[in-house]
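Source file: protein-v7.txt (compact mmCIF, C-alpha atoms and all ligand atoms)
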# COMPACT_ATOMS: atom_id res chain seq x y z
CA MET X 287 -2.24 14.20 -4.42
CA LYS X 288 -2.92 17.90 -4.67
CA ILE X 289 -0.72 20.91 -4.02
CA ASN X 290 -2.78 24.07 -3.70
CA GLY X 291 -5.59 22.18 -5.41
CA ILE X 292 -3.45 21.02 -8.38
CA PRO X 293 -2.84 17.23 -8.76
CA TYR X 294 0.83 16.24 -8.74
CA ARG X 295 2.97 13.16 -8.70
CA THR X 296 6.50 13.32 -7.27
CA ILE X 297 8.09 12.36 -10.61
CA TRP X 298 6.76 12.66 -14.16
CA PRO X 299 8.00 12.81 -17.76
CA ALA X 300 8.76 16.37 -18.88
CA ALA X 301 6.65 17.89 -21.64
CA ASP X 302 9.47 17.50 -24.21
CA GLY X 303 9.53 13.72 -23.60
CA LYS X 304 13.32 13.85 -23.10
CA ALA X 305 13.68 14.45 -19.39
CA VAL X 306 11.83 13.84 -16.13
CA GLU X 307 10.64 16.35 -13.58
CA ILE X 308 10.67 15.98 -9.82
CA ILE X 309 9.61 17.97 -6.80
CA ASP X 310 12.82 19.13 -5.08
CA GLN X 311 12.26 17.77 -1.58
CA THR X 312 15.33 19.50 -0.15
CA LYS X 313 13.43 22.80 -0.47
CA LEU X 314 10.17 21.80 1.24
CA PRO X 315 8.27 22.89 3.23
CA HIS X 316 9.23 26.52 2.70
CA VAL X 317 9.76 26.56 -1.07
CA PHE X 318 7.94 24.50 -3.70
CA LYS X 319 10.28 23.99 -6.62
CA THR X 320 10.47 21.43 -9.41
CA LEU X 321 13.69 20.22 -11.03
CA LEU X 322 14.45 18.79 -14.46
CA LEU X 323 16.53 15.59 -14.61
CA SER X 324 18.00 15.39 -18.11
CA THR X 325 20.79 12.85 -17.68
CA MET X 326 21.57 9.68 -15.76
CA LEU X 327 23.97 11.72 -13.61
CA ASP X 328 21.14 14.13 -12.75
CA ALA X 329 19.08 11.16 -11.55
CA GLU X 330 21.98 9.77 -9.52
CA ARG X 331 22.57 13.17 -7.91
CA ALA X 332 18.85 13.60 -7.13
CA ILE X 333 18.89 10.28 -5.26
CA LYS X 334 22.19 10.87 -3.43
CA ASP X 335 21.37 14.44 -2.39
CA MET X 336 17.81 13.45 -1.45
CA GLU X 337 16.07 15.80 -3.86
CA VAL X 338 14.00 12.66 -4.17
CA ARG X 339 13.87 10.28 -1.24
CA GLY X 340 11.69 7.54 0.23
CA ALA X 341 12.25 3.93 -0.80
CA PRO X 342 9.61 3.58 -3.55
CA LEU X 343 10.41 6.96 -5.10
CA ILE X 344 14.14 6.33 -5.34
CA GLY X 345 13.30 2.99 -7.01
CA VAL X 346 11.29 4.80 -9.67
CA THR X 347 13.94 7.51 -10.04
CA GLY X 348 16.56 4.79 -10.53
CA ALA X 349 14.39 3.31 -13.29
CA TYR X 350 14.05 6.69 -15.00
CA GLY X 351 17.81 7.18 -14.52
CA ALA X 352 18.40 4.00 -16.53
CA ALA X 353 15.99 5.31 -19.19
CA LEU X 354 17.88 8.61 -19.37
CA ALA X 355 21.15 6.68 -19.68
CA MET X 356 19.79 4.78 -22.70
CA ARG X 357 19.20 8.09 -24.47
CA GLU X 358 22.87 8.92 -23.98
CA GLY X 359 24.14 5.53 -25.22
CA ALA X 360 22.50 2.11 -25.28
CA SER X 361 25.43 -0.30 -25.70
CA ASP X 362 25.75 -3.30 -23.35
CA ALA X 363 28.64 -1.55 -21.59
CA ALA X 364 26.66 1.68 -21.16
CA LEU X 365 23.67 -0.23 -19.79
CA GLN X 366 25.74 -2.14 -17.23
CA ALA X 367 27.71 0.94 -16.15
CA ALA X 368 24.57 3.07 -15.69
CA CYS X 369 22.71 0.39 -13.76
CA ASP X 370 25.71 -0.34 -11.50
CA ARG X 371 26.09 3.32 -10.70
CA LEU X 372 22.40 4.03 -10.07
CA ALA X 373 21.93 0.95 -7.88
CA GLU X 374 24.69 2.20 -5.58
CA ALA X 375 23.41 5.77 -5.16
CA ARG X 376 21.95 4.87 -1.74
CA PRO X 377 22.57 1.58 0.06
CA THR X 378 19.65 0.76 2.36
CA ALA X 379 16.35 0.92 0.45
CA VAL X 380 16.11 -2.26 -1.58
CA ASN X 381 13.55 -0.64 -3.89
CA LEU X 382 16.36 1.24 -5.64
CA ARG X 383 18.15 -1.97 -6.52
CA TRP X 384 14.82 -3.59 -7.42
CA GLY X 385 13.86 -0.80 -9.86
CA VAL X 386 17.29 -0.69 -11.49
CA GLU X 387 17.57 -4.49 -11.80
CA ARG X 388 14.13 -4.69 -13.39
CA MET X 389 15.32 -2.19 -16.00
CA ARG X 390 18.64 -3.97 -16.47
CA SER X 391 17.10 -7.37 -17.12
CA LEU X 392 14.47 -6.08 -19.55
CA LEU X 393 16.92 -3.90 -21.49
CA ALA X 394 19.67 -6.52 -21.65
CA SER X 395 17.22 -8.80 -23.47
CA LEU X 396 16.63 -6.22 -26.23
CA PRO X 397 18.75 -5.05 -29.19
CA ALA X 398 20.56 -1.78 -28.41
CA ASP X 399 18.48 0.27 -30.87
CA GLU X 400 15.24 -0.67 -29.09
CA ARG X 401 16.46 0.08 -25.59
CA ALA X 402 15.80 3.82 -25.30
CA ALA X 403 12.09 3.60 -26.18
CA ALA X 404 11.56 0.41 -24.14
CA ALA X 405 13.30 1.90 -21.12
CA TRP X 406 11.09 4.98 -21.14
CA ALA X 407 7.94 2.84 -21.31
CA GLU X 408 9.15 0.48 -18.57
CA ALA X 409 10.05 3.31 -16.18
CA ALA X 410 6.57 4.80 -16.70
CA ARG X 411 5.05 1.36 -16.03
CA ILE X 412 6.99 1.04 -12.76
CA ALA X 413 5.74 4.51 -11.73
CA ASP X 414 2.13 3.63 -12.54
CA GLU X 415 2.40 0.33 -10.69
CA ASP X 416 3.68 2.17 -7.62
CA VAL X 417 0.56 4.33 -7.60
CA GLU X 418 -1.72 1.27 -7.89
CA ILE X 419 0.15 -0.60 -5.17
CA ASN X 420 -0.04 2.32 -2.74
CA ALA X 421 -3.74 2.87 -3.38
CA SER X 422 -4.25 -0.78 -2.45
CA ILE X 423 -2.13 -0.42 0.72
CA GLY X 424 -4.40 2.52 1.52
CA ARG X 425 -7.52 0.37 1.23
CA HIS X 426 -6.13 -2.43 3.44
CA GLY X 427 -4.66 -0.09 6.06
CA GLY X 428 -7.69 2.18 5.95
CA GLU X 429 -9.82 -0.71 7.16
CA ILE X 430 -7.58 -1.02 10.23
CA ILE X 431 -8.13 2.66 11.08
CA LYS X 432 -11.86 2.27 10.44
CA ALA X 433 -12.05 -0.73 12.81
CA ILE X 434 -10.35 1.27 15.58
CA PHE X 435 -12.81 4.12 15.06
CA GLU X 436 -15.79 1.78 15.18
CA ARG X 437 -14.57 0.43 18.51
CA LYS X 438 -13.51 3.75 19.98
CA LYS X 439 -16.12 6.12 18.50
CA THR X 440 -13.79 9.12 18.79
CA ALA X 441 -10.95 10.37 16.56
CA VAL X 442 -8.21 7.80 15.94
CA ASN X 443 -4.76 8.99 17.03
CA ILE X 444 -2.06 7.68 14.72
CA LEU X 445 1.68 8.11 15.25
CA THR X 446 4.06 8.07 12.28
CA HIS X 447 7.81 8.46 11.85
CA CYS X 448 9.78 10.06 9.01
CA ASN X 449 7.89 10.58 5.76
CA ALA X 450 6.18 7.60 4.21
CA GLY X 451 3.57 9.73 2.54
CA TRP X 452 3.02 10.51 -1.11
CA LEU X 453 6.30 12.42 -1.26
CA ALA X 454 8.14 9.16 -0.53
CA THR X 455 6.42 7.35 -3.40
CA VAL X 456 5.00 8.37 -6.77
CA ASP X 457 1.59 9.03 -5.21
CA TRP X 458 -0.48 8.14 -2.11
CA GLY X 459 2.43 6.98 0.07
CA THR X 460 2.72 3.78 2.04
CA ALA X 461 2.16 4.50 5.75
CA LEU X 462 0.08 7.59 4.95
CA ALA X 463 -2.02 5.96 2.23
CA PRO X 464 -4.30 4.37 4.90
CA VAL X 465 -4.51 7.75 6.63
CA TYR X 466 -5.64 9.46 3.41
CA TYR X 467 -8.01 6.61 2.62
CA ALA X 468 -9.66 6.74 6.07
CA PHE X 469 -9.70 10.54 6.17
CA ASP X 470 -11.32 10.74 2.71
CA ALA X 471 -13.92 8.20 3.91
CA GLY X 472 -14.88 10.60 6.69
CA ILE X 473 -13.27 8.78 9.62
CA PRO X 474 -12.20 11.27 12.32
CA LEU X 475 -8.46 10.97 12.87
CA HIS X 476 -5.39 12.87 13.99
CA VAL X 477 -1.71 12.18 13.19
CA TRP X 478 1.21 12.61 15.60
CA VAL X 479 4.14 13.51 13.35
CA ASP X 480 7.61 12.63 14.69
CA GLU X 481 9.95 15.43 13.61
CA THR X 482 12.54 12.76 12.60
CA ARG X 483 15.94 14.22 13.25
CA PRO X 484 18.41 14.70 11.78
CA ARG X 485 16.87 15.63 8.42
CA ASN X 486 13.40 16.31 9.81
CA GLN X 487 11.42 14.52 7.11
CA GLY X 488 8.47 14.40 9.53
CA ALA X 489 8.48 18.06 10.46
CA SER X 490 9.19 19.27 6.94
CA LEU X 491 7.57 16.74 4.58
CA THR X 492 4.91 14.74 6.45
CA ALA X 493 3.52 17.87 8.11
CA TRP X 494 3.53 19.67 4.75
CA GLU X 495 1.64 17.00 2.87
CA LEU X 496 -0.89 16.39 5.66
CA ASN X 497 -1.46 20.12 5.76
CA GLN X 498 -2.01 20.24 2.00
CA HIS X 499 -4.65 17.52 2.33
CA GLY X 500 -6.30 19.07 5.40
CA VAL X 501 -5.53 16.11 7.70
CA PRO X 502 -5.44 17.10 11.41
CA HIS X 503 -1.93 16.59 12.74
CA THR X 504 0.55 17.72 15.38
CA VAL X 505 4.34 17.74 15.03
CA ILE X 506 6.17 16.34 18.05
CA ALA X 507 9.82 16.13 19.06
CA ASP X 508 11.19 12.67 18.38
CA ASN X 509 11.32 11.72 22.04
CA THR X 510 7.64 12.39 22.74
CA GLY X 511 6.00 9.22 21.40
CA GLY X 512 6.66 7.06 24.48
CA HIS X 513 5.05 9.62 26.77
CA LEU X 514 1.98 9.88 24.54
CA MET X 515 1.62 6.11 24.45
CA GLN X 516 1.85 5.85 28.26
CA HIS X 517 -1.06 8.28 28.50
CA GLY X 518 -3.34 6.52 26.02
CA MET X 519 -2.89 9.22 23.40
CA VAL X 520 -1.83 6.90 20.56
CA ASP X 521 -4.23 4.27 19.14
CA MET X 522 -1.81 2.91 16.56
CA ALA X 523 1.58 3.60 15.06
CA ILE X 524 2.21 3.14 11.34
CA VAL X 525 5.50 3.63 9.51
CA GLY X 526 6.94 2.88 6.09
CA CYS X 527 10.13 0.91 5.46
CA ASP X 528 13.19 0.72 3.26
CA ARG X 529 13.77 -3.00 3.40
CA VAL X 530 11.95 -5.94 4.99
CA THR X 531 13.68 -9.30 5.33
CA ALA X 532 12.04 -12.56 4.30
CA ALA X 533 11.40 -13.12 8.03
CA GLY X 534 9.67 -9.75 8.52
CA ASP X 535 12.42 -7.66 10.17
CA VAL X 536 11.82 -4.04 9.21
CA CYS X 537 14.48 -1.49 8.33
CA ASN X 538 13.24 2.10 8.42
CA LYS X 539 14.38 5.60 9.32
CA ILE X 540 16.56 5.85 12.41
CA GLY X 541 14.39 5.99 15.53
CA THR X 542 11.72 3.61 14.28
CA TYR X 543 13.00 0.83 16.55
CA LEU X 544 12.61 2.99 19.67
CA LYS X 545 8.99 3.74 18.72
CA ALA X 546 8.33 0.03 18.19
CA LEU X 547 9.76 -0.73 21.66
CA ALA X 548 7.60 1.94 23.26
CA ALA X 549 4.54 0.66 21.37
CA HIS X 550 5.24 -2.91 22.50
CA ASP X 551 5.62 -1.82 26.13
CA ASN X 552 2.32 0.07 26.02
CA GLY X 553 0.20 -2.37 24.02
CA VAL X 554 -0.08 0.05 21.10
CA PRO X 555 -0.35 -1.78 17.73
CA PHE X 556 2.68 -1.11 15.54
CA TYR X 557 1.99 -1.39 11.79
CA VAL X 558 4.45 -1.25 8.92
CA ALA X 559 3.20 -0.43 5.42
CA LEU X 560 5.12 -1.68 2.41
CA PRO X 561 4.83 -2.42 -1.28
CA SER X 562 6.00 -5.96 -2.13
CA PRO X 563 9.22 -4.73 -3.87
CA THR X 564 10.43 -3.64 -0.40
CA VAL X 565 10.90 -7.27 0.64
CA ASP X 566 14.48 -8.49 0.24
CA TRP X 567 13.97 -12.23 -0.21
CA THR X 568 17.74 -12.86 -0.05
CA ILE X 569 18.08 -12.11 3.67
CA LEU X 570 16.51 -13.18 6.96
CA ASP X 571 18.28 -11.30 9.75
CA GLY X 572 17.82 -7.55 9.32
CA ILE X 573 20.22 -6.49 12.07
CA LYS X 574 23.10 -8.54 10.71
CA GLU X 575 22.45 -8.23 7.00
CA ILE X 576 20.94 -4.86 6.03
CA PRO X 577 23.52 -2.20 5.12
CA ILE X 578 22.80 0.96 7.11
CA GLU X 579 23.48 4.21 5.32
CA GLU X 580 25.76 6.66 7.14
CA ARG X 581 25.26 10.21 5.96
CA SER X 582 27.21 13.38 6.60
CA ALA X 583 27.67 14.43 10.23
CA ALA X 584 26.68 17.93 9.07
CA GLU X 585 23.05 16.75 9.02
CA VAL X 586 23.35 16.30 12.80
CA THR X 587 25.49 19.32 13.65
CA HIS X 588 23.48 21.74 11.49
CA ILE X 589 19.82 22.46 10.92
CA ALA X 590 17.99 24.51 8.28
CA GLY X 591 14.91 26.64 8.88
CA LEU X 592 12.89 29.68 7.92
CA CYS X 593 14.16 32.93 9.43
CA ASP X 594 12.05 35.94 10.37
CA ASP X 595 13.22 37.76 7.22
CA GLY X 596 11.67 34.99 5.06
CA GLN X 597 15.04 33.45 4.11
CA VAL X 598 15.86 29.77 4.68
CA ARG X 599 19.21 29.47 6.45
CA THR X 600 21.32 26.70 7.94
CA VAL X 601 22.69 27.10 11.46
CA GLN X 602 25.04 25.05 13.62
CA VAL X 603 23.47 23.48 16.72
CA THR X 604 26.50 21.72 18.25
CA PRO X 605 29.73 23.18 19.65
CA THR X 606 32.45 23.62 17.05
CA GLY X 607 34.70 20.58 17.29
CA SER X 608 32.17 18.11 18.77
CA PRO X 609 32.13 15.00 16.59
CA ALA X 610 28.78 13.69 15.36
CA VAL X 611 27.67 10.50 13.65
CA ASN X 612 24.66 10.01 11.40
CA TYR X 613 23.20 6.52 10.95
CA GLY X 614 20.23 6.85 8.61
CA PHE X 615 18.24 3.72 9.48
CA ASP X 616 17.65 1.09 12.13
CA VAL X 617 16.08 -2.36 12.22
CA THR X 618 12.94 -3.31 14.11
CA PRO X 619 12.78 -7.07 14.69
CA ALA X 620 9.65 -8.81 13.37
CA ARG X 621 8.58 -9.72 16.92
CA LEU X 622 7.79 -6.03 17.57
CA VAL X 623 5.64 -5.64 14.44
CA THR X 624 1.89 -6.13 14.90
CA ALA X 625 1.32 -6.48 11.16
CA LEU X 626 2.72 -5.65 7.75
CA VAL X 627 0.22 -3.82 5.54
CA THR X 628 0.86 -4.64 1.88
CA GLU X 629 -0.96 -4.18 -1.42
CA ARG X 630 -2.01 -7.83 -1.22
CA GLY X 631 -3.33 -7.77 2.32
CA VAL X 632 -2.26 -7.64 5.96
CA VAL X 633 0.31 -10.03 7.45
CA HIS X 634 -0.25 -10.28 11.22
CA GLN X 635 2.78 -11.19 13.36
CA PRO X 636 4.97 -11.63 10.30
CA ASN X 637 7.29 -14.59 9.79
CA VAL X 638 8.92 -16.36 6.83
CA GLU X 639 5.99 -18.65 6.06
CA LYS X 640 3.34 -15.92 6.19
CA LEU X 641 5.39 -13.51 4.06
CA ARG X 642 6.12 -16.15 1.48
CA ALA X 643 2.47 -17.24 1.31
CA LEU X 644 1.22 -13.72 0.59
CA LEU X 645 4.04 -11.93 -1.20
CA SER X 646 6.59 -14.27 -2.73
CA PRO X 647 7.23 -13.28 -6.38
CA SER X 648 7.91 -16.91 -7.41
O1 LIG V 701 16.16 8.83 4.12
P1 LIG V 701 14.78 8.82 3.53
O2 LIG V 701 14.03 10.11 3.71
O3 LIG V 701 14.78 8.33 2.10
O4 LIG V 701 14.03 7.73 4.39
C1 LIG V 701 12.70 7.43 4.11
C2 LIG V 701 12.10 6.47 5.06
O5 LIG V 701 12.74 5.98 5.97
C3 LIG V 701 10.70 6.05 4.78
O6 LIG V 701 10.03 5.74 5.96
C4 LIG V 701 10.74 4.80 3.89
O7 LIG V 701 11.53 5.03 2.76
C5 LIG V 701 9.41 4.37 3.48
S1 LIG V 701 8.80 5.39 2.21
C6 LIG V 701 7.29 4.99 1.71
Translate the structure of the given file into structure tokens.
Ligand code: MRU
Amino acid sequence: MKINGIPYRTIWPAADGKAVEIIDQTKLPHVFKTLLLSTMLDAERAIKDMEVRGAPLIGVTGAYGAALAMREGASDAALQAACDRLAEARPTAVNLRWGVERMRSLLASLPADERAAAAWAEAARIADEDVEINASIGRHGGEIIKAIFERKKTAVNILTHCNAGWLATVDWGTALAPVYYAFDAGIPLHVWVDETRPRNQGASLTAWELNQHGVPHTVIADNTGGHLMQHGMVDMAIVGCDRVTAAGDVCNKIGTYLKALAAHDNGVPFYVALPSPTVDWTILDGIKEIPIEERSAAEVTHIAGLCDDGQVRTVQVTPTGSPAVNYGFDVTPARLVTALVTERGVVHQPNVEKLRALLSPS
């Protein structure tokens, strides 16, 4: 996608061929800054501190982290240690583990002196595949938006939560890929952007990238979606996800479940967009089995923003001494999901059999 007219991905090999560059997402929307990741520890930090975030993008960053590690030392012990460490940088998005395990199994099968070059090529392949997958999600999901427009004949109102746009992937995004696809095809649409407390990925990242692409949108406080749905102001909701169980339960940014409940109560279709590596085939029950990341309470008690003097500052919004807790994700049961939108097609009312038939890797 383009930033001020210049095409970018969220992660790319640096010109010297020895490092990777990323867009520092902790600085958006007020400052556009890129960062160089030169070591495996840089990649681990970028994932943990959310300089990169979004399930597919942290999977690719994990893969590049393994490639950077192989430059520092490619013994069996170094490979295992680097992969173990990278896979644990964040717990919920299964894409991180998927990307790192793909690197581990390829590299373990090679002699140590071939690992550095092979790792670099494999990480680039994973990044390119992500772009292809998301473009395909865009085509499938774009048809859903188009069908609503053809029925309704006026602009399609789409609600989304968190950021599942191109910033959360290498390019295109998952939930926003259909939006870009439909918008580029000339379909009139408008996006309701949940702010997505506590880190505000909607207000800061989704709004920023929609703005860059010229897509009409409105940022709303997180609690607004139910009201809009009751008044017929939402035609569909679409979100991304960090892990989907083999039965179709969806784990995504905290607050997604409440939007799915409101959508169900109001007959608003609730779509979830995902690349196939987001399915965790080892589990069925998302509520019982998906580990939910708990982040610092400071993300709840404090908020950052642009001040009148042009400086970005962090301020405290809670009384000193009030405890806070910060669960990063929640699980939406499959029964609340209208359809999963994948690169291979759309799975309506997902269940084990339908997911396996369309997406199973074996
Ligand atoms: O904590 P984050 O910002 O990494 O959470 C991101 C999300 O929850 C996204 O919706 C999800 O990763 C899908 S990204 C295409």
Write out as a tab-separated table the residues of stretch 311-406 of chain X that have any atom within 9 Å of an atom of stretch 521-528 of chain X, one row each with the nearest atom pair and its distance in Å to one decimal, counting all atoms listed in the file, sorted by chain and then rising number.
residue	atom	partner	partner_atom	distance
X:Gly340	CA	X:Asp528	CA	7.6
X:Ala341	CA	X:Asp528	CA	5.3
X:Pro342	CA	X:Asp528	CA	8.2
X:Thr378	CA	X:Asp528	CA	6.5
X:Ala379	CA	X:Asp528	CA	4.2
X:Val380	CA	X:Asp528	CA	6.4
X:Asn381	CA	X:Asp528	CA	7.3
Would you place a box with edges along x, y and z of the file around all atoms of stretch 482-496 of chain X listed there, add 8 Å to each of its six sides, and report the centre and edge lengths in Å to one decimal, as lines of an AutoDock Vina configuration file?
center_x = 8.8
center_y = 16.2
center_z = 8.1
size_x = 35.3
size_y = 22.9
size_z = 26.4
What's the 9 Å shell around stretch 330-335 of chain X, counting all atoms listed in the file, without same-chain residues fewer than 3 positions away, as a list in words? Ile308, Asp310, Thr312, Leu323, Thr325, Met326, Leu327, Val338, Arg339, Ile344, Thr347, Gly348, Gly351, Arg371, Leu372, Ala373, Glu374, Ala375 and Arg376 of chain X
Leaving out stretch 482-493 of chain X and any residue of its chain fewer than 2 positions from it, which residues lie within 9 Å of it when counting all atoms listed in the file, given as a VMD selection string? chain X and resid 311 314 to 316 446 to 453 462 479 to 480 495 to 498 503 to 508 539 to 541 585 to 590 612 614
Keeping only C-alpha atoms, take the residues you just selected and write them out as a compact mmCIF listing (two decimals), in the coordinates of the input.
# COMPACT_ATOMS: atom_id res chain seq x y z
CA GLN X 311 12.26 17.77 -1.58
CA LEU X 314 10.17 21.80 1.24
CA PRO X 315 8.27 22.89 3.23
CA HIS X 316 9.23 26.52 2.70
CA THR X 446 4.06 8.07 12.28
CA HIS X 447 7.81 8.46 11.85
CA CYS X 448 9.78 10.06 9.01
CA ASN X 449 7.89 10.58 5.76
CA ALA X 450 6.18 7.60 4.21
CA GLY X 451 3.57 9.73 2.54
CA TRP X 452 3.02 10.51 -1.11
CA LEU X 453 6.30 12.42 -1.26
CA LEU X 462 0.08 7.59 4.95
CA VAL X 479 4.14 13.51 13.35
CA ASP X 480 7.61 12.63 14.69
CA GLU X 495 1.64 17.00 2.87
CA LEU X 496 -0.89 16.39 5.66
CA ASN X 497 -1.46 20.12 5.76
CA GLN X 498 -2.01 20.24 2.00
CA HIS X 503 -1.93 16.59 12.74
CA THR X 504 0.55 17.72 15.38
CA VAL X 505 4.34 17.74 15.03
CA ILE X 506 6.17 16.34 18.05
CA ALA X 507 9.82 16.13 19.06
CA ASP X 508 11.19 12.67 18.38
CA LYS X 539 14.38 5.60 9.32
CA ILE X 540 16.56 5.85 12.41
CA GLY X 541 14.39 5.99 15.53
CA GLU X 585 23.05 16.75 9.02
CA VAL X 586 23.35 16.30 12.80
CA THR X 587 25.49 19.32 13.65
CA HIS X 588 23.48 21.74 11.49
CA ILE X 589 19.82 22.46 10.92
CA ALA X 590 17.99 24.51 8.28
CA ASN X 612 24.66 10.01 11.40
CA GLY X 614 20.23 6.85 8.61
Ranking X:Ala625, X:Ala454, X:Ala402, X:Ile297 by minimum distance to ligand LIG 701 (chain V) and counting all atoms listed in the file, which one comes first? X:Ala454
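Considering all atoms listed in the file, the residue among X:Leu354, X:Ala583, X:Ala305, X:Val623 positioned nearest to X:Pro609 is X:Ala583.
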Your completed stretch 588-602 of chain X with N, CA, C and O atoms, as a PDB file, in the frame of the given file:
ATOM      1  N   HIS X 588      24.108  20.537  12.056  1.00  0.00           N
ATOM      2  CA  HIS X 588      23.480  21.740  11.490  1.00  0.00           C
ATOM      3  C   HIS X 588      21.994  21.490  11.237  1.00  0.00           C
ATOM      4  O   HIS X 588      21.566  20.363  11.049  1.00  0.00           O
ATOM      5  N   ILE X 589      21.247  22.571  11.190  1.00  0.00           N
ATOM      6  CA  ILE X 589      19.820  22.460  10.920  1.00  0.00           C
ATOM      7  C   ILE X 589      19.377  23.665  10.089  1.00  0.00           C
ATOM      8  O   ILE X 589      19.892  24.776  10.286  1.00  0.00           O
ATOM      9  N   ALA X 590      18.457  23.421   9.153  1.00  0.00           N
ATOM     10  CA  ALA X 590      17.990  24.510   8.280  1.00  0.00           C
ATOM     11  C   ALA X 590      16.583  24.919   8.699  1.00  0.00           C
ATOM     12  O   ALA X 590      15.792  24.093   9.160  1.00  0.00           O
ATOM     13  N   GLY X 591      16.257  26.184   8.544  1.00  0.00           N
ATOM     14  CA  GLY X 591      14.910  26.640   8.880  1.00  0.00           C
ATOM     15  C   GLY X 591      14.623  28.025   8.328  1.00  0.00           C
ATOM     16  O   GLY X 591      15.517  28.714   7.808  1.00  0.00           O
ATOM     17  N   LEU X 592      13.365  28.393   8.450  1.00  0.00           N
ATOM     18  CA  LEU X 592      12.890  29.680   7.920  1.00  0.00           C
ATOM     19  C   LEU X 592      13.162  30.773   8.949  1.00  0.00           C
ATOM     20  O   LEU X 592      12.747  30.670  10.102  1.00  0.00           O
ATOM     21  N   CYS X 593      13.849  31.822   8.516  1.00  0.00           N
ATOM     22  CA  CYS X 593      14.160  32.930   9.430  1.00  0.00           C
ATOM     23  C   CYS X 593      13.077  34.008   9.333  1.00  0.00           C
ATOM     24  O   CYS X 593      12.273  34.020   8.398  1.00  0.00           O
ATOM     25  N   ASP X 594      13.085  34.904  10.306  1.00  0.00           N
ATOM     26  CA  ASP X 594      12.050  35.940  10.370  1.00  0.00           C
ATOM     27  C   ASP X 594      12.034  36.823   9.108  1.00  0.00           C
ATOM     28  O   ASP X 594      11.003  37.389   8.755  1.00  0.00           O
ATOM     29  N   ASP X 595      13.179  36.918   8.433  1.00  0.00           N
ATOM     30  CA  ASP X 595      13.220  37.760   7.220  1.00  0.00           C
ATOM     31  C   ASP X 595      12.747  36.983   5.982  1.00  0.00           C
ATOM     32  O   ASP X 595      12.871  37.463   4.857  1.00  0.00           O
ATOM     33  N   GLY X 596      12.208  35.752   6.192  1.00  0.00           N
ATOM     34  CA  GLY X 596      11.670  34.990   5.060  1.00  0.00           C
ATOM     35  C   GLY X 596      12.713  34.162   4.331  1.00  0.00           C
ATOM     36  O   GLY X 596      12.385  33.439   3.384  1.00  0.00           O
ATOM     37  N   GLN X 597      13.974  34.231   4.750  1.00  0.00           N
ATOM     38  CA  GLN X 597      15.040  33.450   4.110  1.00  0.00           C
ATOM     39  C   GLN X 597      15.220  32.107   4.835  1.00  0.00           C
ATOM     40  O   GLN X 597      15.079  32.051   6.067  1.00  0.00           O
ATOM     41  N   VAL X 598      15.523  31.064   4.065  1.00  0.00           N
ATOM     42  CA  VAL X 598      15.860  29.770   4.680  1.00  0.00           C
ATOM     43  C   VAL X 598      17.374  29.746   4.900  1.00  0.00           C
ATOM     44  O   VAL X 598      18.150  30.002   3.978  1.00  0.00           O
ATOM     45  N   ARG X 599      17.778  29.501   6.148  1.00  0.00           N
ATOM     46  CA  ARG X 599      19.210  29.470   6.450  1.00  0.00           C
ATOM     47  C   ARG X 599      19.553  28.226   7.252  1.00  0.00           C
ATOM     48  O   ARG X 599      18.710  27.650   7.931  1.00  0.00           O
ATOM     49  N   THR X 600      20.819  27.841   7.174  1.00  0.00           N
ATOM     50  CA  THR X 600      21.320  26.700   7.940  1.00  0.00           C
ATOM     51  C   THR X 600      22.151  27.230   9.093  1.00  0.00           C
ATOM     52  O   THR X 600      22.987  28.111   8.895  1.00  0.00           O
ATOM     53  N   VAL X 601      21.905  26.675  10.297  1.00  0.00           N
ATOM     54  CA  VAL X 601      22.690  27.100  11.460  1.00  0.00           C
ATOM     55  C   VAL X 601      23.297  25.866  12.135  1.00  0.00           C
ATOM     56  O   VAL X 601      22.802  24.754  12.012  1.00  0.00           O
ATOM     57  N   GLN X 602      24.369  26.128  12.890  1.00  0.00           N
ATOM     58  CA  GLN X 602      25.040  25.050  13.620  1.00  0.00           C
ATOM     59  C   GLN X 602      24.405  24.915  14.995  1.00  0.00           C
ATOM     60  O   GLN X 602      24.199  25.916  15.682  1.00  0.00           O
TER      61      GLN X 602
END
